[in-house]
file my_file-v4.tsv (TSV, C-alpha atoms)
chain	number	residue	atom	x	y	z
A	1	MET	CA	38.32	-13.11	12.94
A	2	ARG	CA	37.57	-13.45	9.26
A	3	PHE	CA	34.22	-12.61	7.71
A	4	GLY	CA	33.11	-13.28	4.21
A	5	ILE	CA	32.98	-16.09	1.74
A	6	ASN	CA	33.47	-16.04	-1.96
A	7	VAL	CA	30.01	-16.22	-3.52
A	8	ARG	CA	31.45	-18.00	-6.52
A	9	ASN	CA	32.37	-20.93	-4.31
A	10	ARG	CA	29.61	-23.46	-4.42
A	11	LEU	CA	27.65	-23.41	-1.19
A	12	THR	CA	26.92	-26.77	0.37
A	13	GLY	CA	23.56	-27.66	1.88
A	14	ALA	CA	24.98	-27.15	5.38
A	15	ASP	CA	26.30	-23.71	4.39
A	16	LEU	CA	22.83	-22.78	3.16
A	17	TYR	CA	21.25	-24.14	6.33
A	18	VAL	CA	23.51	-21.94	8.44
A	19	ARG	CA	22.54	-18.89	6.40
A	20	ILE	CA	18.81	-19.71	6.54
A	21	PHE	CA	19.15	-20.09	10.31
A	22	GLN	CA	20.84	-16.71	10.57
A	23	LEU	CA	18.43	-14.87	8.26
A	24	THR	CA	15.31	-16.20	9.99
A	25	GLY	CA	16.69	-14.63	13.16
A	26	LEU	CA	16.66	-11.22	11.51
A	27	ALA	CA	12.90	-11.21	10.83
A	28	PRO	CA	11.78	-10.97	14.48
A	29	VAL	CA	14.38	-8.28	15.15
A	30	LEU	CA	12.97	-6.17	12.34
A	31	TYR	CA	9.54	-6.12	14.04
A	32	VAL	CA	11.06	-4.96	17.32
A	33	LEU	CA	13.13	-2.28	15.59
A	34	VAL	CA	10.05	-0.95	13.80
A	35	ALA	CA	8.10	-1.04	17.07
A	36	CYS	CA	10.77	1.15	18.67
A	37	VAL	CA	10.02	4.02	16.33
A	38	HIS	CA	6.38	3.23	15.52
A	39	PRO	CA	4.55	1.50	18.42
A	40	ALA	CA	1.31	1.36	16.40
A	41	VAL	CA	2.59	-1.86	14.80
A	42	PHE	CA	1.31	-3.61	17.94
A	43	THR	CA	-2.28	-2.59	17.30
A	44	SER	CA	-2.87	-4.45	14.04
A	45	GLU	CA	-1.62	-7.33	11.96
A	46	ASN	CA	0.91	-6.00	9.46
A	47	VAL	CA	3.81	-7.14	7.34
A	48	PHE	CA	6.25	-6.80	10.25
A	49	SER	CA	4.17	-8.85	12.65
A	50	VAL	CA	3.77	-11.51	9.95
A	51	LEU	CA	7.55	-11.51	9.47
A	52	PHE	CA	7.99	-11.85	13.23
A	53	ARG	CA	5.67	-14.85	13.38
A	54	LEU	CA	7.26	-16.51	10.36
A	55	GLY	CA	10.79	-15.86	11.63
A	56	MET	CA	10.04	-17.15	15.12
A	57	SER	CA	8.33	-20.25	13.73
A	58	ALA	CA	11.27	-20.95	11.42
A	59	LEU	CA	13.76	-20.79	14.30
A	60	PRO	CA	14.42	-24.05	16.12
A	61	ARG	CA	11.63	-24.58	18.64
A	62	TRP	CA	14.03	-24.87	21.57
A	63	GLU	CA	15.51	-21.50	20.66
A	64	ALA	CA	12.07	-19.86	20.37
A	65	LEU	CA	11.09	-21.36	23.73
A	66	GLY	CA	14.34	-20.13	25.25
A	67	LEU	CA	13.68	-16.65	23.91
A	68	SER	CA	10.15	-16.73	25.30
A	69	ARG	CA	11.50	-17.77	28.70
A	70	LEU	CA	14.15	-15.03	28.52
A	71	TYR	CA	11.48	-12.45	27.62
A	72	ARG	CA	9.30	-13.63	30.50
A	73	MET	CA	12.16	-13.36	32.98
A	74	SER	CA	13.76	-10.13	31.79
A	75	HIS	CA	10.74	-8.20	30.41
A	76	SER	CA	13.18	-6.83	27.86
A	77	GLU	CA	12.76	-6.92	24.10
A	78	VAL	CA	16.28	-5.53	23.79
A	79	LEU	CA	17.71	-8.58	25.51
A	80	VAL	CA	15.64	-10.92	23.33
A	81	CYS	CA	16.90	-9.23	20.15
A	82	ALA	CA	20.47	-9.27	21.42
A	83	ALA	CA	20.17	-12.98	22.21
A	84	VAL	CA	18.79	-13.78	18.73
A	85	LEU	CA	21.47	-11.80	16.91
A	86	VAL	CA	24.44	-12.82	19.02
A	87	PHE	CA	23.44	-16.48	18.90
A	88	ALA	CA	23.00	-16.32	15.12
A	89	LEU	CA	26.41	-14.67	14.78
A	90	ILE	CA	28.17	-17.14	17.06
A	91	PHE	CA	26.46	-20.06	15.33
A	92	GLY	CA	27.47	-18.71	11.92
A	93	LEU	CA	31.08	-18.18	12.91
A	94	ALA	CA	31.40	-21.53	14.68
A	95	ALA	CA	29.63	-23.48	11.92
A	96	GLY	CA	31.67	-21.72	9.22
A	97	ARG	CA	34.89	-22.61	10.99
A	98	LEU	CA	33.89	-26.23	11.61
A	99	LEU	CA	32.48	-26.83	8.12
A	100	LYS	CA	35.74	-25.67	6.60
A	101	GLY	CA	37.91	-27.40	9.16
A	102	GLY	CA	38.36	-30.72	7.42
A	103	ARG	CA	36.13	-33.52	6.25
A	104	GLY	CA	35.80	-35.22	9.64
A	105	LYS	CA	34.72	-32.09	11.47
A	106	ALA	CA	32.34	-31.05	8.69
A	107	ARG	CA	30.73	-34.46	8.69
A	108	ALA	CA	30.33	-34.40	12.47
A	109	VAL	CA	28.66	-30.98	12.27
A	110	ARG	CA	26.26	-32.20	9.61
A	111	VAL	CA	25.33	-35.27	11.63
A	112	VAL	CA	24.72	-33.18	14.76
A	113	VAL	CA	22.67	-30.64	12.79
A	114	THR	CA	20.64	-33.43	11.17
A	115	VAL	CA	19.82	-34.98	14.53
A	116	LEU	CA	18.84	-31.57	15.95
A	117	ILE	CA	16.55	-30.81	13.01
A	118	VAL	CA	14.89	-34.23	13.24
A	119	LEU	CA	14.27	-33.68	16.95
A	120	ASP	CA	12.95	-30.21	16.20
A	121	LEU	CA	10.53	-31.56	13.61
A	122	ALA	CA	9.40	-34.26	16.02
A	123	VAL	CA	8.66	-31.64	18.70
A	124	ARG	CA	6.61	-29.67	16.18
A	125	VAL	CA	4.26	-32.55	15.42
A	126	LEU	CA	3.77	-33.68	19.02
A	127	PRO	CA	0.60	-32.36	20.70
A	128	LEU	CA	2.44	-29.89	22.93
A	129	PRO	CA	0.79	-26.68	24.22
A	130	PHE	CA	3.23	-24.35	22.43
A	131	ARG	CA	2.77	-25.98	19.03
A	132	PHE	CA	0.63	-23.25	17.44
A	133	SER	CA	2.06	-20.28	19.34
A	134	PHE	CA	2.30	-18.00	16.31
A	135	GLY	CA	-0.74	-19.24	14.42
A	136	ILE	CA	-1.25	-22.19	12.11
A	137	PRO	CA	0.06	-20.56	8.88
A	138	ALA	CA	3.34	-19.60	10.59
A	139	THR	CA	3.58	-23.06	12.15
A	140	VAL	CA	3.20	-24.71	8.75
A	141	PHE	CA	5.74	-22.30	7.24
A	142	GLY	CA	8.20	-23.07	10.04
A	143	PHE	CA	7.77	-26.80	9.56
A	144	VAL	CA	8.35	-26.52	5.80
A	145	ILE	CA	11.47	-24.40	6.30
A	146	ARG	CA	12.90	-26.84	8.83
A	147	LEU	CA	12.04	-29.77	6.55
A	148	GLY	CA	13.84	-27.98	3.70
A	149	CYS	CA	16.87	-27.49	5.97
A	150	LEU	CA	16.84	-31.19	6.81
A	151	ALA	CA	16.84	-32.02	3.09
A	152	LEU	CA	19.80	-29.69	2.53
A	153	VAL	CA	21.92	-31.23	5.28
A	154	LEU	CA	20.89	-34.79	4.39
A	155	GLY	CA	21.85	-34.07	0.78
A	156	ASP	CA	25.30	-33.08	2.01
A	157	LEU	CA	25.65	-36.22	4.07
A	158	MET	CA	24.62	-38.41	1.14
A	159	ALA	CA	27.04	-36.63	-1.21
A	160	ASP	CA	29.79	-37.03	1.36
A	161	ARG	CA	29.07	-40.72	1.62
A	162	ARG	CA	29.09	-41.11	-2.18
A	163	ASN	CA	32.44	-39.29	-2.42
A	164	THR	CA	33.92	-41.45	0.32
A	165	GLY	CA	32.69	-44.56	-1.49
A	166	GLU	CA	34.33	-43.45	-4.71
B	1	MET	CA	39.46	-9.39	-10.81
B	2	ARG	CA	37.93	-8.09	-7.62
B	3	LYS	CA	36.24	-10.81	-5.66
B	4	SER	CA	32.70	-9.92	-4.55
B	5	LYS	CA	32.06	-10.96	-1.00
B	6	PHE	CA	28.86	-11.42	0.90
B	7	SER	CA	28.61	-12.68	4.40
B	8	VAL	CA	25.61	-13.12	6.63
B	9	ASN	CA	27.99	-12.89	9.58
B	10	ALA	CA	29.00	-9.40	8.53
B	11	LEU	CA	25.34	-8.50	7.96
B	12	LEU	CA	24.48	-9.70	11.46
B	13	LEU	CA	27.32	-7.69	12.92
B	14	LEU	CA	26.00	-4.59	11.15
B	15	VAL	CA	22.46	-5.28	12.40
B	16	ILE	CA	23.75	-5.70	15.95
B	17	ILE	CA	25.49	-2.33	15.82
B	18	PHE	CA	22.50	-0.66	14.14
B	19	SER	CA	20.05	-2.20	16.65
B	20	ALA	CA	22.16	-1.10	19.59
B	21	ILE	CA	22.02	2.49	18.32
B	22	ILE	CA	18.25	2.34	17.63
B	23	PHE	CA	17.47	0.75	21.01
B	24	PHE	CA	19.62	3.23	22.87
B	25	VAL	CA	18.16	6.26	21.11
B	26	THR	CA	14.49	5.24	21.01
B	27	ILE	CA	14.16	3.62	24.40
B	28	LYS	CA	15.97	6.47	26.12
B	29	LEU	CA	13.85	9.03	24.25
B	30	VAL	CA	10.60	7.18	24.94
B	31	ASP	CA	11.63	6.87	28.55
B	32	LEU	CA	12.04	10.63	28.73
B	33	ALA	CA	8.90	11.37	26.74
B	34	TYR	CA	6.58	9.22	28.88
B	35	HIS	CA	7.16	11.01	32.14
B	36	PRO	CA	4.54	13.76	32.27
B	37	ALA	CA	4.43	15.74	35.49
B	38	ARG	CA	1.85	14.26	37.86
B	39	ASN	CA	1.26	13.45	41.46
B	40	ASP	CA	-1.83	11.27	41.87
B	41	TYR	CA	-2.79	9.76	45.20
B	42	TYR	CA	-5.59	7.17	45.42
B	43	HIS	CA	-6.89	5.78	48.68
B	44	ILE	CA	-7.46	2.00	48.88
B	45	GLU	CA	-10.81	1.29	50.49
B	46	GLY	CA	-10.78	-0.59	53.78
B	47	THR	CA	-7.16	0.28	54.57
B	48	ASP	CA	-5.13	3.33	55.52
B	49	CYS	CA	-2.98	2.84	52.42
B	50	SER	CA	-2.89	4.84	49.22
B	51	VAL	CA	-1.33	4.27	45.84
B	52	ARG	CA	0.82	7.07	44.45
B	53	TYR	CA	1.74	7.70	40.83
B	54	SER	CA	4.23	10.53	40.76
B	55	SER	CA	6.89	12.01	38.53
B	56	LEU	CA	8.71	13.48	41.53
B	57	LEU	CA	8.43	10.80	44.20
B	58	PRO	CA	8.69	7.03	43.85
B	59	ASP	CA	5.49	5.24	42.78
B	60	GLY	CA	4.19	2.83	45.36
B	61	ILE	CA	1.99	2.15	48.36
B	62	TYR	CA	2.00	4.94	50.94
B	63	THR	CA	0.43	5.41	54.32
B	64	GLY	CA	-0.72	8.76	55.62
B	65	ASP	CA	-1.93	11.77	53.70
B	66	GLN	CA	-0.78	13.01	50.34
B	67	ILE	CA	1.63	15.61	51.75
B	68	THR	CA	3.36	13.72	54.54
B	69	GLY	CA	2.68	10.14	53.39
B	70	THR	CA	5.34	7.48	54.00
B	71	LEU	CA	6.43	5.14	51.25
B	72	ARG	CA	5.88	1.53	52.34
B	73	VAL	CA	6.30	-0.52	49.17
B	74	GLU	CA	7.78	0.76	45.94
B	75	GLY	CA	6.26	-0.27	42.60
B	76	ARG	CA	3.43	0.49	40.22
B	77	PHE	CA	0.27	-0.78	41.81
B	78	GLY	CA	-3.36	-0.66	40.73
B	79	TYR	CA	-6.04	0.79	42.97
B	80	ASP	CA	-8.93	0.60	40.53
B	81	TRP	CA	-9.56	-3.12	40.02
B	82	GLY	CA	-10.39	-4.44	43.41
B	83	ALA	CA	-7.45	-4.19	45.71
B	84	ALA	CA	-8.62	-6.09	48.78
B	85	ALA	CA	-7.43	-6.32	52.36
B	86	ALA	CA	-8.03	-9.42	54.45
B	87	GLY	CA	-6.35	-10.91	57.50
B	88	GLY	CA	-3.83	-8.08	57.79
B	89	ARG	CA	-2.71	-8.47	54.21
B	90	LEU	CA	-3.40	-6.47	51.11
B	91	TYR	CA	-4.01	-8.16	47.75
B	92	ILE	CA	-3.29	-5.81	44.90
B	93	ASN	CA	-2.29	-5.72	41.23
B	94	GLU	CA	1.28	-4.76	40.38
B	95	TYR	CA	1.87	-3.52	36.86
B	96	VAL	CA	5.07	-4.37	35.05
B	97	SER	CA	6.02	-2.93	31.69
B	98	THR	CA	8.54	-4.29	29.22
B	99	ASP	CA	11.06	-2.05	27.45
B	100	LEU	CA	8.61	-1.42	24.62
B	101	GLY	CA	5.54	-1.05	26.80
B	102	LEU	CA	3.89	-4.47	26.82
B	103	MET	CA	1.82	-4.18	30.00
B	104	LEU	CA	1.79	-7.12	32.35
B	105	CYS	CA	0.11	-7.57	35.69
B	106	ASN	CA	0.98	-9.70	38.70
B	107	LEU	CA	-1.14	-10.35	41.75
B	108	VAL	CA	0.89	-9.50	44.84
B	109	ARG	CA	0.24	-9.76	48.54
B	110	VAL	CA	1.56	-7.12	50.92
B	111	ASP	CA	1.80	-7.75	54.63
B	112	LEU	CA	0.35	-4.63	56.25
B	113	LYS	CA	2.57	-4.99	59.35
B	114	THR	CA	5.98	-5.81	57.91
B	115	TRP	CA	5.27	-4.30	54.44
B	116	GLU	CA	6.82	-7.31	52.75
B	117	LYS	CA	5.63	-7.90	49.21
B	118	GLU	CA	5.10	-11.39	47.82
B	119	THR	CA	4.16	-12.17	44.23
B	120	LEU	CA	1.29	-14.66	44.40
B	121	LEU	CA	0.41	-15.16	40.73
B	122	ARG	CA	2.17	-13.87	37.65
B	123	ASP	CA	0.20	-12.54	34.67
B	124	THR	CA	-2.92	-12.44	36.77
B	125	VAL	CA	-5.30	-9.51	37.20
B	126	LEU	CA	-7.26	-9.18	40.42
B	127	GLN	CA	-10.74	-7.99	39.51
B	128	GLY	CA	-12.37	-7.79	42.91
B	129	ALA	CA	-14.20	-9.92	45.43
B	130	CYS	CA	-17.27	-11.99	44.63
B	131	ALA	CA	-20.49	-11.89	46.68
B	132	SER	CA	-19.21	-14.56	49.08
B	133	GLY	CA	-15.88	-12.77	49.63
B	134	GLU	CA	-13.44	-14.81	47.54
B	135	LEU	CA	-11.06	-12.82	45.39
B	136	VAL	CA	-11.72	-13.16	41.67
B	137	CYS	CA	-8.80	-12.98	39.22
B	138	ILE	CA	-8.19	-13.48	35.53
B	139	GLY	CA	-5.14	-15.69	35.06
B	140	LYS	CA	-2.54	-16.04	32.32
B	141	SER	CA	-3.48	-12.77	30.72
B	142	VAL	CA	-1.75	-9.83	29.08
B	143	MET	CA	-3.24	-6.42	29.83
B	144	PRO	CA	-5.54	-5.00	27.11
B	145	ALA	CA	-3.13	-2.05	26.77
B	146	GLY	CA	-0.62	-4.52	25.35
B	147	HIS	CA	-2.99	-5.41	22.46
B	148	PRO	CA	-2.74	-9.16	23.12
B	149	GLY	CA	-4.75	-10.04	20.01
B	150	THR	CA	-2.37	-8.50	17.49
B	151	ASN	CA	0.88	-7.96	19.37
B	152	ALA	CA	3.32	-10.65	18.21
B	153	LEU	CA	5.49	-9.98	21.27
B	154	ALA	CA	2.57	-10.94	23.50
B	155	HIS	CA	2.48	-14.28	21.70
B	156	LEU	CA	6.20	-14.75	22.26
B	157	TYR	CA	5.69	-13.89	25.93
B	158	ALA	CA	2.88	-16.43	26.25
B	159	MET	CA	4.61	-19.16	24.23
B	160	SER	CA	6.59	-20.77	27.06
B	161	GLU	CA	3.43	-20.99	29.18
B	162	GLY	CA	1.59	-22.67	26.32
B	163	THR	CA	-1.18	-20.07	26.34
B	164	ASP	CA	-2.71	-17.97	23.60
B	165	PRO	CA	-3.24	-14.31	24.61
B	166	SER	CA	-5.71	-13.79	21.78
B	167	ALA	CA	-7.92	-16.73	22.76
B	168	ASP	CA	-11.55	-15.95	23.59
B	169	GLY	CA	-11.76	-18.03	26.74
B	170	ALA	CA	-10.06	-16.89	29.94
B	171	LEU	CA	-8.91	-18.56	33.11
B	172	ILE	CA	-10.92	-17.31	36.10
B	173	LEU	CA	-9.43	-17.97	39.53
B	174	TYR	CA	-11.11	-17.73	42.93
B	175	LEU	CA	-8.77	-17.16	45.87
B	176	ASP	CA	-9.38	-17.56	49.55
B	177	PRO	CA	-8.66	-14.04	50.92
B	178	GLU	CA	-7.28	-15.41	54.21
B	179	SER	CA	-4.79	-17.92	52.83
B	180	GLY	CA	-4.33	-16.62	49.28
B	181	GLU	CA	-4.84	-20.13	47.90
B	182	ILE	CA	-6.83	-20.93	44.77
B	183	VAL	CA	-10.11	-22.51	45.80
B	184	TRP	CA	-11.83	-22.72	42.42
B	185	SER	CA	-10.93	-22.09	38.79
B	186	VAL	CA	-12.89	-21.86	35.58
B	187	ALA	CA	-10.96	-22.60	32.37
B	188	ASP	CA	-12.05	-21.20	28.99
B	189	ALA	CA	-14.50	-18.87	30.68
B	190	GLU	CA	-16.59	-16.62	28.48
B	191	GLY	CA	-18.10	-13.20	29.02
B	192	VAL	CA	-14.91	-11.77	30.50
B	193	THR	CA	-15.00	-8.53	28.58
B	194	GLU	CA	-18.71	-7.78	28.57
B	195	ASP	CA	-20.49	-8.86	31.73
B	196	PHE	CA	-17.74	-9.96	34.07
B	197	GLU	CA	-19.29	-8.23	37.03
B	198	ALA	CA	-22.68	-9.87	36.61
B	199	LYS	CA	-21.27	-13.30	35.87
B	200	TYR	CA	-18.46	-13.56	38.39
B	201	LEU	CA	-18.44	-10.70	40.90
B	202	ALA	CA	-22.13	-10.30	41.71
B	203	ARG	CA	-22.59	-14.03	42.40
B	204	THR	CA	-21.32	-16.20	45.23
B	205	LEU	CA	-18.76	-18.92	44.58
B	206	GLU	CA	-21.44	-21.58	45.14
B	207	GLU	CA	-23.61	-20.00	42.45
B	208	VAL	CA	-20.73	-19.92	40.00
B	209	ARG	CA	-19.88	-23.55	40.78
B	210	ARG	CA	-23.41	-24.54	39.87

call {"tool": "encode", "arguments": {"input": "my_file-v4.tsv", "output": "structure tokens"}}
result
Amino acid sequence: MRFGINVRNRLTGADLYVRIFQLTGLAPVLYVLVACVHPAVFTSENVFSVLFRLGMSALPRWEALGLSRLYRMSHSEVLVCAAVLVFALIFGLAAGRLLKGGRGKARAVRVVVTVLIVLDLAVRVLPLPFRFSFGIPATVFGFVIRLGCLALVLGDLMADRRNTGE
Amino acid sequence: MRKSKFSVNALLLLVIIFSAIIFFVTIKLVDLAYHPARNDYYHIEGTDCSVRYSSLLPDGIYTGDQITGTLRVEGRFGYDWGAAAAGGRLYINEYVSTDLGLMLCNLVRVDLKTWEKETLLRDTVLQGACASGELVCIGKSVMPAGHPGTNALAHLYAMSEGTDPSADGALILYLDPESGEIVWSVADAEGVTEDFEAKYLARTLEEVRR
């Protein structure tokens, strides 16, 4: 297993999307880690709870719903954190491998990711009961982040198409 | 020239290892720290059952006296908020805590002959019986000890049910004590924290319906 990329290599939009996806998963974990040593974070709004809400809202909605379901079933914050981190790691490793595995594979990944983000954005604007789960500011932040990710991946796809045309 | 490398994958791997250590240390320590010596025994009115909270014996529903009592159902049950017996069955709150102490409550029904426990409603707190005998519960709620207004984990917990634990209105449920079925519900009910007893417990179901 190989970790690490050369930062001097130009990152593509899809590369950035993968990293944004992974980093947004770290924000909720931070809140839980702080709560382990300082349970008073539950009693008031603070920077860690804000980070938790922003991070959860920026994650794909299906993942956040899955985590909520997992939490409800297991009653375990440890399991929720493990799921977030392991999924982010697996996604990062798999996406890294596929994006560098040839033009065809990379293009397929981008198309799949684009479709998933579009579906995610559609779910966020539908009048569903879980739409504002972490408050309206976090919901807006999450939507903007996901929209930004869509722009990154679409930019890649358009560049790919231009290069193929040339 | 030395190539500088940065990888989010490596960062995640480090966080996973670090988190595992923190979780192991803190949750094990907290688990040890929150076990003060005690042996409380509370009788449930209208039954020959009692609820025991003990650091030596298993928590649960017991029959008999405090010294020679027999454990019937293991678990953390509430005795204070209107446990009610009807038709040979006991309706009682069962408290469930997450790893980090988010308190949750389920309404359970215990058969007083076979001692079988059945979870009737999750995230529901039995408050007592109203004037006409129906059991009154607050549904889809997180216990106040979990700080539902500010606790972001409570919001994650409630997300998949589409509820907001910090919302002002509550869901009030009326249950038939014989069958355990919901006979009436009030959505977005107000006055839950201040005058619940006067509004919902002191009145009959017919009065509330009006």

call {"tool": "closest_residue", "arguments": {"input": "my_file-v4.tsv", "among": "B:Ala158, B:Ala167, B:Val125, B:Leu90", "to": "B:Asp48", "atoms": "all atoms listed in the file"}}
result
B:Leu90

call {"tool": "residues_around", "arguments": {"input": "my_file-v4.tsv", "residues": "B:Arg209", "least_positions_apart": "4", "cutoff": "12 Å", "atoms": "all atoms listed in the file", "output": "list in words"}}
result
Ile172, Leu173, Tyr174, Val183, Trp184, Ser185, Val186, Lys199, Tyr200, Arg203, Thr204 and Leu205 of chain B

call {"tool": "closest_residue", "arguments": {"input": "my_file-v4.tsv", "among": "A:Val84, A:Leu65, A:Leu93, A:Val41", "to": "A:Gly25", "atoms": "all atoms listed in the file"}}
result
A:Val84

call {"tool": "interface_residues", "arguments": {"input": "my_file-v4.tsv", "of": "chain A", "to": "chain B", "cutoff": "9 Å", "atoms": "only C-alpha atoms", "output": "PDB file with C-alpha atoms, in the frame of the given file"}}
result
ATOM      1  CA  PHE A   3      34.220 -12.610   7.710  1.00  0.00           C
ATOM      2  CA  GLY A   4      33.110 -13.280   4.210  1.00  0.00           C
ATOM      3  CA  ILE A   5      32.980 -16.090   1.740  1.00  0.00           C
ATOM      4  CA  ASN A   6      33.470 -16.040  -1.960  1.00  0.00           C
ATOM      5  CA  VAL A   7      30.010 -16.220  -3.520  1.00  0.00           C
ATOM      6  CA  ARG A   8      31.450 -18.000  -6.520  1.00  0.00           C
ATOM      7  CA  ARG A  19      22.540 -18.890   6.400  1.00  0.00           C
ATOM      8  CA  GLN A  22      20.840 -16.710  10.570  1.00  0.00           C
ATOM      9  CA  LEU A  23      18.430 -14.870   8.260  1.00  0.00           C
ATOM     10  CA  LEU A  26      16.660 -11.220  11.510  1.00  0.00           C
ATOM     11  CA  VAL A  29      14.380  -8.280  15.150  1.00  0.00           C
ATOM     12  CA  TYR A  31       9.540  -6.120  14.040  1.00  0.00           C
ATOM     13  CA  VAL A  32      11.060  -4.960  17.320  1.00  0.00           C
ATOM     14  CA  LEU A  33      13.130  -2.280  15.590  1.00  0.00           C
ATOM     15  CA  ALA A  35       8.100  -1.040  17.070  1.00  0.00           C
ATOM     16  CA  CYS A  36      10.770   1.150  18.670  1.00  0.00           C
ATOM     17  CA  VAL A  37      10.020   4.020  16.330  1.00  0.00           C
ATOM     18  CA  PRO A  39       4.550   1.500  18.420  1.00  0.00           C
ATOM     19  CA  VAL A  41       2.590  -1.860  14.800  1.00  0.00           C
ATOM     20  CA  PHE A  42       1.310  -3.610  17.940  1.00  0.00           C
ATOM     21  CA  THR A  43      -2.280  -2.590  17.300  1.00  0.00           C
ATOM     22  CA  SER A  44      -2.870  -4.450  14.040  1.00  0.00           C
ATOM     23  CA  GLU A  45      -1.620  -7.330  11.960  1.00  0.00           C
ATOM     24  CA  SER A  49       4.170  -8.850  12.650  1.00  0.00           C
ATOM     25  CA  VAL A  50       3.770 -11.510   9.950  1.00  0.00           C
ATOM     26  CA  PHE A  52       7.990 -11.850  13.230  1.00  0.00           C
ATOM     27  CA  ARG A  53       5.670 -14.850  13.380  1.00  0.00           C
ATOM     28  CA  MET A  56      10.040 -17.150  15.120  1.00  0.00           C
ATOM     29  CA  ALA A  64      12.070 -19.860  20.370  1.00  0.00           C
ATOM     30  CA  LEU A  65      11.090 -21.360  23.730  1.00  0.00           C
ATOM     31  CA  GLY A  66      14.340 -20.130  25.250  1.00  0.00           C
ATOM     32  CA  LEU A  67      13.680 -16.650  23.910  1.00  0.00           C
ATOM     33  CA  SER A  68      10.150 -16.730  25.300  1.00  0.00           C
ATOM     34  CA  ARG A  69      11.500 -17.770  28.700  1.00  0.00           C
ATOM     35  CA  LEU A  70      14.150 -15.030  28.520  1.00  0.00           C
ATOM     36  CA  TYR A  71      11.480 -12.450  27.620  1.00  0.00           C
ATOM     37  CA  ARG A  72       9.300 -13.630  30.500  1.00  0.00           C
ATOM     38  CA  SER A  74      13.760 -10.130  31.790  1.00  0.00           C
ATOM     39  CA  HIS A  75      10.740  -8.200  30.410  1.00  0.00           C
ATOM     40  CA  SER A  76      13.180  -6.830  27.860  1.00  0.00           C
ATOM     41  CA  GLU A  77      12.760  -6.920  24.100  1.00  0.00           C
ATOM     42  CA  VAL A  78      16.280  -5.530  23.790  1.00  0.00           C
ATOM     43  CA  CYS A  81      16.900  -9.230  20.150  1.00  0.00           C
ATOM     44  CA  ALA A  82      20.470  -9.270  21.420  1.00  0.00           C
ATOM     45  CA  LEU A  85      21.470 -11.800  16.910  1.00  0.00           C
ATOM     46  CA  VAL A  86      24.440 -12.820  19.020  1.00  0.00           C
ATOM     47  CA  ALA A  88      23.000 -16.320  15.120  1.00  0.00           C
ATOM     48  CA  LEU A  89      26.410 -14.670  14.780  1.00  0.00           C
ATOM     49  CA  ILE A  90      28.170 -17.140  17.060  1.00  0.00           C
ATOM     50  CA  GLY A  92      27.470 -18.710  11.920  1.00  0.00           C
ATOM     51  CA  LEU A  93      31.080 -18.180  12.910  1.00  0.00           C
ATOM     52  CA  LEU A 128       2.440 -29.890  22.930  1.00  0.00           C
ATOM     53  CA  PRO A 129       0.790 -26.680  24.220  1.00  0.00           C
ATOM     54  CA  PHE A 130       3.230 -24.350  22.430  1.00  0.00           C
ATOM     55  CA  ARG A 131       2.770 -25.980  19.030  1.00  0.00           C
ATOM     56  CA  PHE A 132       0.630 -23.250  17.440  1.00  0.00           C
ATOM     57  CA  SER A 133       2.060 -20.280  19.340  1.00  0.00           C
ATOM     58  CA  PHE A 134       2.300 -18.000  16.310  1.00  0.00           C
TER      59      PHE A 134
END

call {"tool": "closest_residue", "arguments": {"input": "my_file-v4.tsv", "among": "A:Gly96, A:Pro60, A:Gly148, A:Gly104", "to": "A:Val18", "atoms": "only C-alpha atoms"}}
result
A:Gly96

call {"tool": "atom_distance", "arguments": {"input": "my_file-v4.tsv", "atom1": "atom CA of B:Pro58", "atom2": "atom CA of B:Asn39"}}
result
10.1 Å

call {"tool": "decode", "arguments": {"input": "my_file-v4.tsv", "residues": "stretch 20-25 of chain B", "atoms": "N, CA, C and O atoms", "output": "PDB file, in the first residue's frame"}}
result
ATOM      1  N   ALA B  20      -8.286   5.638  18.309  1.00  0.00           N
ATOM      2  CA  ALA B  20      -8.416   4.337  18.976  1.00  0.00           C
ATOM      3  C   ALA B  20      -7.809   4.407  20.380  1.00  0.00           C
ATOM      4  O   ALA B  20      -8.405   3.915  21.345  1.00  0.00           O
ATOM      5  N   ILE B  21      -6.659   5.062  20.477  1.00  0.00           N
ATOM      6  CA  ILE B  21      -6.008   5.189  21.796  1.00  0.00           C
ATOM      7  C   ILE B  21      -6.876   6.041  22.726  1.00  0.00           C
ATOM      8  O   ILE B  21      -7.153   5.668  23.863  1.00  0.00           O
ATOM      9  N   ILE B  22      -7.332   7.200  22.220  1.00  0.00           N
ATOM     10  CA  ILE B  22      -8.149   8.108  23.045  1.00  0.00           C
ATOM     11  C   ILE B  22      -9.435   7.412  23.506  1.00  0.00           C
ATOM     12  O   ILE B  22      -9.807   7.471  24.681  1.00  0.00           O
ATOM     13  N   PHE B  23     -10.113   6.751  22.569  1.00  0.00           N
ATOM     14  CA  PHE B  23     -11.372   6.081  22.922  1.00  0.00           C
ATOM     15  C   PHE B  23     -11.128   5.006  23.975  1.00  0.00           C
ATOM     16  O   PHE B  23     -11.872   4.887  24.939  1.00  0.00           O
ATOM     17  N   PHE B  24     -10.080   4.228  23.753  1.00  0.00           N
ATOM     18  CA  PHE B  24      -9.803   3.142  24.686  1.00  0.00           C
ATOM     19  C   PHE B  24      -9.531   3.700  26.084  1.00  0.00           C
ATOM     20  O   PHE B  24     -10.139   3.273  27.058  1.00  0.00           O
ATOM     21  N   VAL B  25      -8.657   4.689  26.130  1.00  0.00           N
ATOM     22  CA  VAL B  25      -8.258   5.239  27.437  1.00  0.00           C
ATOM     23  C   VAL B  25      -9.436   5.940  28.117  1.00  0.00           C
ATOM     24  O   VAL B  25      -9.786   5.628  29.251  1.00  0.00           O
TER      25      VAL B  25
END
